[in-house]
file structure_1.cif (mmCIF, C-alpha atoms)
data_coords
#
loop_
_atom_site.label_atom_id
_atom_site.label_comp_id
_atom_site.auth_asym_id
_atom_site.auth_seq_id
_atom_site.Cartn_x
_atom_site.Cartn_y
_atom_site.Cartn_z
CA ALA A 170 -37.29 -90.47 59.78
CA THR A 171 -37.95 -93.39 62.05
CA LYS A 172 -37.30 -96.90 60.71
CA THR A 173 -40.51 -98.29 62.18
CA ALA A 174 -42.81 -99.95 59.65
CA ALA A 175 -45.66 -102.43 59.74
CA ILE A 176 -43.29 -104.90 58.07
CA PHE A 177 -39.58 -104.18 58.49
CA GLY A 178 -36.89 -106.26 56.78
CA ARG A 179 -33.13 -106.15 57.22
CA ASN A 180 -32.03 -109.66 56.12
CA GLY A 181 -33.49 -112.82 54.66
CA ALA A 182 -36.65 -113.21 52.56
CA LEU A 183 -40.37 -112.75 53.19
CA ASN A 184 -43.12 -114.31 51.04
CA ILE A 185 -46.63 -112.84 51.39
CA MET A 186 -49.38 -115.04 49.95
CA GLY A 187 -53.16 -114.72 49.65
CA SER A 188 -55.35 -111.76 50.54
CA GLY A 189 -55.76 -109.38 53.44
CA THR A 190 -55.22 -105.73 54.20
CA VAL A 191 -52.35 -103.92 55.94
CA SER A 192 -52.29 -100.20 56.59
CA GLY A 193 -49.48 -98.32 58.30
CA SER A 194 -48.29 -94.85 59.21
CA ASN A 195 -44.68 -93.72 58.87
CA GLU A 196 -42.77 -91.16 56.80
CA LEU A 197 -40.72 -93.85 55.03
CA GLY A 198 -41.95 -97.42 54.72
CA ALA A 199 -45.36 -97.18 56.37
CA VAL A 200 -46.07 -100.81 55.41
CA PHE A 201 -42.80 -102.22 54.02
CA GLY A 202 -39.43 -100.86 55.10
CA VAL A 203 -36.74 -102.92 53.37
CA TYR A 204 -33.08 -102.31 54.16
CA THR A 205 -31.53 -105.59 53.01
CA GLY A 206 -33.13 -108.83 51.92
CA ARG A 207 -36.14 -109.56 49.73
CA VAL A 208 -39.93 -109.21 49.96
CA TYR A 209 -42.22 -111.11 47.56
CA ILE A 210 -45.81 -109.81 47.52
CA TYR A 211 -48.29 -112.22 45.89
CA GLY A 212 -51.55 -110.77 47.16
CA GLY A 213 -53.28 -108.39 49.54
CA ASN A 214 -53.97 -104.68 49.83
CA TYR A 215 -51.38 -102.36 51.35
CA SER A 216 -51.77 -98.65 52.03
CA ALA A 217 -50.51 -95.82 54.22
CA THR A 218 -52.63 -93.52 56.34
CA THR A 219 -49.58 -91.20 56.26
CA GLY A 220 -46.21 -91.65 54.56
CA ILE A 221 -44.97 -93.91 51.78
CA PRO A 222 -46.21 -97.55 51.85
CA VAL A 223 -43.05 -99.11 50.34
CA TYR A 224 -39.51 -97.88 51.02
CA LEU A 225 -36.26 -99.46 49.82
CA ASN A 226 -33.23 -98.13 51.69
CA LYS A 227 -29.81 -97.15 50.29
CA GLU A 228 -28.60 -100.76 50.59
CA THR A 229 -28.12 -102.34 47.15
CA TYR A 230 -29.56 -105.65 48.40
CA ALA A 231 -32.99 -104.24 49.24
CA ARG A 232 -35.47 -105.84 46.85
CA VAL A 233 -39.26 -105.93 46.51
CA TYR A 234 -41.17 -108.06 43.98
CA LEU A 235 -44.86 -107.42 43.19
CA PHE A 236 -47.15 -110.02 41.60
CA THR A 237 -50.75 -110.36 40.37
CA GLY A 238 -53.29 -109.98 43.14
CA ALA A 239 -51.41 -107.37 45.17
CA THR A 240 -52.31 -103.69 45.39
CA LEU A 241 -50.18 -100.86 46.77
CA THR A 242 -52.11 -97.66 47.42
CA GLY A 243 -50.25 -94.44 48.13
CA GLY A 244 -51.14 -91.13 49.67
CA SER A 245 -49.88 -87.57 49.78
CA THR A 246 -46.16 -88.51 49.69
CA GLY A 247 -46.17 -91.28 47.08
CA THR A 248 -46.51 -95.05 46.93
CA VAL A 249 -43.06 -96.61 46.29
CA TYR A 250 -39.71 -94.93 47.01
CA VAL A 251 -36.48 -96.67 45.97
CA GLN A 252 -33.35 -95.00 47.32
CA ASN A 253 -31.38 -97.98 46.03
CA GLY A 254 -31.90 -101.68 45.51
CA ARG A 255 -34.49 -103.10 43.16
CA PHE A 256 -38.26 -102.93 42.64
CA GLU A 257 -39.64 -105.47 40.19
CA MET A 258 -43.28 -105.54 39.12
CA TYR A 259 -44.69 -108.64 37.40
CA GLY A 260 -48.35 -107.99 38.16
CA GLY A 261 -50.62 -106.24 40.62
CA THR A 262 -51.43 -102.55 40.91
CA VAL A 263 -49.62 -99.46 42.17
CA THR A 264 -52.05 -96.59 42.52
CA GLY A 265 -53.22 -93.41 44.19
CA GLY A 266 -49.93 -91.75 45.08
CA GLU A 267 -49.19 -88.02 45.05
CA ALA A 268 -45.76 -86.43 45.48
CA GLU A 269 -43.52 -83.65 44.21
CA ASN A 270 -41.62 -86.16 42.06
CA GLY A 271 -43.00 -89.59 41.17
CA GLY A 272 -46.57 -89.80 42.37
CA ASN A 273 -46.58 -93.60 42.42
CA ILE A 274 -42.93 -94.68 42.00
CA LYS A 275 -39.74 -92.71 42.60
CA ILE A 276 -36.30 -94.26 42.13
CA ASP A 277 -33.04 -92.46 42.97
CA ALA A 278 -30.63 -95.34 42.28
CA GLY A 279 -30.76 -99.06 41.55
CA ARG A 280 -33.11 -100.88 39.20
CA LEU A 281 -36.80 -100.58 38.29
CA TYR A 282 -38.37 -103.34 36.18
CA LEU A 283 -42.02 -102.97 35.10
CA ASP A 284 -42.85 -106.29 33.49
CA GLY A 285 -46.56 -106.59 34.26
CA GLY A 286 -49.52 -105.15 36.15
CA THR A 287 -50.70 -101.55 36.22
CA VAL A 288 -49.34 -98.26 37.56
CA THR A 289 -52.18 -95.77 37.55
CA GLY A 290 -53.59 -92.49 38.79
CA GLY A 291 -50.43 -90.89 40.18
CA LYS A 292 -50.06 -87.12 40.53
CA ALA A 293 -46.88 -85.06 40.81
CA THR A 294 -45.02 -81.98 39.65
CA ASN A 295 -42.70 -84.25 37.63
CA GLY A 296 -43.44 -87.86 36.76
CA GLY A 297 -47.09 -88.31 37.60
CA ASN A 298 -46.77 -92.08 37.83
CA VAL A 299 -43.03 -92.81 37.61
CA TYR A 300 -39.95 -90.66 38.30
CA VAL A 301 -36.55 -92.12 37.39
CA SER A 302 -33.47 -90.16 38.47
CA GLY A 303 -30.05 -91.78 38.54
CA ALA A 304 -31.25 -95.37 38.22
CA THR A 305 -28.79 -97.77 36.61
CA ALA A 306 -31.58 -99.70 34.88
CA PHE A 307 -35.21 -99.00 33.94
CA ARG A 308 -37.32 -101.36 31.85
CA ILE A 309 -40.94 -101.52 30.71
CA ALA A 310 -41.74 -104.99 29.42
CA GLY A 311 -45.45 -105.49 29.96
CA THR A 312 -46.77 -103.00 32.53
CA THR A 313 -49.52 -100.51 31.75
CA VAL A 314 -48.62 -97.04 32.99
CA THR A 315 -51.72 -94.91 32.73
CA LYS A 316 -53.70 -91.86 33.86
CA GLY A 317 -50.77 -90.03 35.42
CA THR A 318 -50.84 -86.27 35.81
CA ALA A 319 -47.89 -83.87 36.16
CA THR A 320 -48.17 -80.12 36.51
CA ALA A 321 -44.75 -79.76 34.86
CA ASN A 322 -42.99 -82.67 33.13
CA GLY A 323 -43.88 -86.27 32.36
CA GLY A 324 -47.54 -87.02 32.93
CA ASN A 325 -46.87 -90.73 33.14
CA ILE A 326 -43.05 -91.07 33.22
CA TYR A 327 -40.09 -88.77 33.84
CA ILE A 328 -36.56 -90.05 33.15
CA ALA A 329 -33.33 -88.25 34.01
CA GLY A 330 -30.63 -90.82 33.43
CA ALA A 331 -27.40 -91.88 35.10
CA THR A 332 -24.11 -92.22 33.21
CA GLY A 333 -24.00 -95.72 31.73
CA GLY A 334 -27.62 -96.43 32.61
CA SER A 335 -29.87 -98.72 30.56
CA TYR A 336 -33.42 -97.57 29.75
CA THR A 337 -35.64 -99.73 27.55
CA MET A 338 -39.24 -100.41 26.56
CA THR A 339 -39.99 -103.68 24.78
CA LYS A 340 -43.73 -104.01 25.40
CA GLY A 341 -46.46 -102.57 27.58
CA THR A 342 -48.56 -99.42 27.34
CA VAL A 343 -48.12 -95.79 28.37
CA SER A 344 -51.48 -94.09 28.05
CA SER A 345 -53.79 -91.23 29.03
CA GLY A 346 -51.12 -89.12 30.70
CA ASN A 347 -51.38 -85.36 31.02
CA ALA A 348 -48.63 -82.78 31.61
CA LYS A 349 -47.27 -79.42 30.53
CA ASN A 350 -44.36 -81.18 28.77
CA GLY A 351 -44.52 -84.84 27.75
CA GLY A 352 -47.92 -86.30 28.55
CA GLY A 353 -46.59 -89.84 28.22
CA LEU A 354 -42.84 -89.43 28.75
CA TYR A 355 -40.38 -86.65 29.53
CA LEU A 356 -36.80 -87.69 28.72
CA THR A 357 -33.68 -85.73 29.66
CA ALA A 358 -29.99 -86.67 29.92
CA ALA A 359 -30.75 -90.26 28.95
CA GLN A 360 -31.37 -92.53 25.97
CA LEU A 361 -34.49 -94.68 25.81
CA SER A 362 -34.46 -97.68 23.47
CA LEU A 363 -38.01 -98.27 22.25
CA SER A 364 -38.38 -101.62 20.48
CA GLY A 365 -41.98 -102.44 21.35
CA GLY A 366 -45.04 -101.35 23.29
CA THR A 367 -47.45 -98.48 22.76
CA PHE A 368 -47.78 -94.82 23.68
CA THR A 369 -51.39 -93.75 23.16
CA GLY A 370 -53.84 -91.06 24.18
CA ASN A 371 -51.37 -88.84 26.03
CA LYS A 372 -51.82 -85.05 26.19
CA ALA A 373 -49.58 -82.05 26.89
CA THR A 374 -48.96 -78.45 26.02
CA ASP A 375 -45.77 -79.57 24.25
CA GLY A 376 -44.94 -83.14 23.27
CA GLY A 377 -48.25 -84.91 23.70
CA SER A 378 -46.75 -88.41 23.79
CA ILE A 379 -43.00 -87.81 24.29
CA TYR A 380 -40.95 -84.71 25.10
CA LEU A 381 -37.20 -84.87 24.42
CA ALA A 382 -35.43 -82.32 26.60
CA SER A 383 -31.70 -81.55 26.94
CA LYS A 384 -29.62 -84.61 25.98
CA GLY A 385 -32.73 -86.76 25.73
CA VAL A 386 -32.41 -89.39 22.97
CA LEU A 387 -35.10 -91.72 21.67
CA GLU A 388 -33.86 -94.75 19.74
CA MET A 389 -36.97 -96.24 18.13
CA THR A 390 -36.70 -99.59 16.35
CA GLY A 391 -40.26 -100.73 17.02
CA GLY A 392 -43.38 -99.98 19.00
CA THR A 393 -46.17 -97.49 18.38
CA VAL A 394 -46.57 -93.81 19.28
CA THR A 395 -50.10 -92.72 18.46
CA LYS A 396 -53.06 -90.49 19.30
CA GLY A 397 -51.02 -87.96 21.25
CA SER A 398 -52.18 -84.38 21.32
CA SER A 399 -50.72 -81.00 22.25
CA THR A 400 -52.06 -77.48 22.47
CA ASP A 401 -48.78 -76.01 21.21
CA THR A 402 -46.10 -78.18 19.55
CA GLY A 403 -45.49 -81.87 18.93
CA GLY A 404 -48.72 -83.82 19.05
CA ASN A 405 -46.77 -87.04 19.54
CA ILE A 406 -43.07 -86.11 19.82
#
call {"tool": "encode", "arguments": {"input": "structure_1.cif", "output": "structure tokens"}}
result
Amino acid sequence: ATKTAAIFGRNGALNIMGSGTVSGSNELGAVFGVYTGRVYIYGGNYSATTGIPVYLNKETYARVYLFTGATLTGGSTGTVYVQNGRFEMYGGTVTGGEAENGGNIKIDAGRLYLDGGTVTGGKATNGGNVYVSGATAFRIAGTTVTKGTATANGGNIYIAGATGGSYTMTKGTVSSGNAKNGGGLYLTAAQLSLSGGTFTGNKATDGGSIYLASKGVLEMTGGTVTKGSSTDTGGNI
């Protein structure tokens, strides 16, 4: 894929303030293509006519930070793709993406921190809103992940962990997801520590709220799992 993007970063830092709209077209990084350096997004609306709006390259120093007032809108290949590096969400909205894995956010390696804002309306085969595969760290500490749809696993979130990875939820909400397995969360080959937050209103054929697949471990010391429903087994878990 070409490296051309509406905003392309290789070093340094970029702060984006206020409002405005940017739309781009490119397979990877239609709006933001970040290879090294940091991008701070404090406002505005960003979308792709084709391709993925936000792309973080394999470099471990690629970082994007999203704050209240900013909206990322995806298309037929997703919204945010993290090959490595770090995507941190403290506010704003990630919405409208569709992909095979991770309709709104897909992370192959690196860190994904969801500490505020809303991830909503993603569609995928696995991980309607969020798909985590091989990430060293994944945290939900305030974000609402909602209304994701997966035709297979993880209506809202799909996690397949990396050896030694850290996966936690301390607060936030996972709601109104729909999938064949795990309307809210599908967990395999990883351990999720749930100490706070809420799973509610998720639906699936099996595991309405949470589906624990091979080597999936849920350590629950707090939080709420409620109002899940299934047409076969495990209304909540």
call {"tool": "resolve_selection", "arguments": {"input": "structure_1.cif", "expression": "the PyMOL selection byres ((chain A and resi 364) around 8)", "output": "PDB file with C-alpha atoms, in the frame of the given file"}}
result
ATOM      1  CA  THR A 337     -35.640 -99.730  27.550  1.00  0.00           C
ATOM      2  CA  MET A 338     -39.240-100.410  26.560  1.00  0.00           C
ATOM      3  CA  THR A 339     -39.990-103.680  24.780  1.00  0.00           C
ATOM      4  CA  LYS A 340     -43.730-104.010  25.400  1.00  0.00           C
ATOM      5  CA  SER A 362     -34.460 -97.680  23.470  1.00  0.00           C
ATOM      6  CA  LEU A 363     -38.010 -98.270  22.250  1.00  0.00           C
ATOM      7  CA  GLY A 365     -41.980-102.440  21.350  1.00  0.00           C
ATOM      8  CA  GLY A 366     -45.040-101.350  23.290  1.00  0.00           C
ATOM      9  CA  MET A 389     -36.970 -96.240  18.130  1.00  0.00           C
ATOM     10  CA  THR A 390     -36.700 -99.590  16.350  1.00  0.00           C
ATOM     11  CA  GLY A 391     -40.260-100.730  17.020  1.00  0.00           C
ATOM     12  CA  GLY A 392     -43.380 -99.980  19.000  1.00  0.00           C
TER      13      GLY A 392
END
call {"tool": "resolve_selection", "arguments": {"input": "structure_1.cif", "expression": "the PyMOL selection byres ((chain A and resi 309) around 10)", "output": "JSON, numbers by chain"}}
result
{"A": [258, 281, 282, 283, 284, 285, 307, 308, 310, 311, 312, 313, 314, 336, 337, 338, 339, 340, 341, 342, 343, 363, 365, 366]}
call {"tool": "resolve_selection", "arguments": {"input": "structure_1.cif", "expression": "the PyMOL selection byres ((chain A and resi 279) around 8)", "output": "JSON, numbers by chain"}}
result
{"A": [229, 251, 252, 253, 254, 255, 276, 277, 278, 280, 281, 303, 304, 305, 306]}
call {"tool": "atom_distance", "arguments": {"input": "structure_1.cif", "atom1": "CA of Gly189 in chain A", "atom2": "CA of Glu228 in chain A"}}
result
28.6 Å
call {"tool": "residues_around", "arguments": {"input": "structure_1.cif", "residues": "Ala182 in chain A", "least_positions_apart": "2", "cutoff": "7 Å", "atoms": "all atoms listed in the file", "output": "list in words"}}
result
Asn180, Asn184, Gly206, Arg207 and Val208 of chain A
call {"tool": "atom_distance", "arguments": {"input": "structure_1.cif", "atom1": "CA of Ile274 in chain A", "atom2": "CA of Val249 in chain A"}}
result
4.7 Å
call {"tool": "atom_distance", "arguments": {"input": "structure_1.cif", "atom1": "CA of Thr395 in chain A", "atom2": "CA of Thr374 in chain A"}}
result
16.2 Å
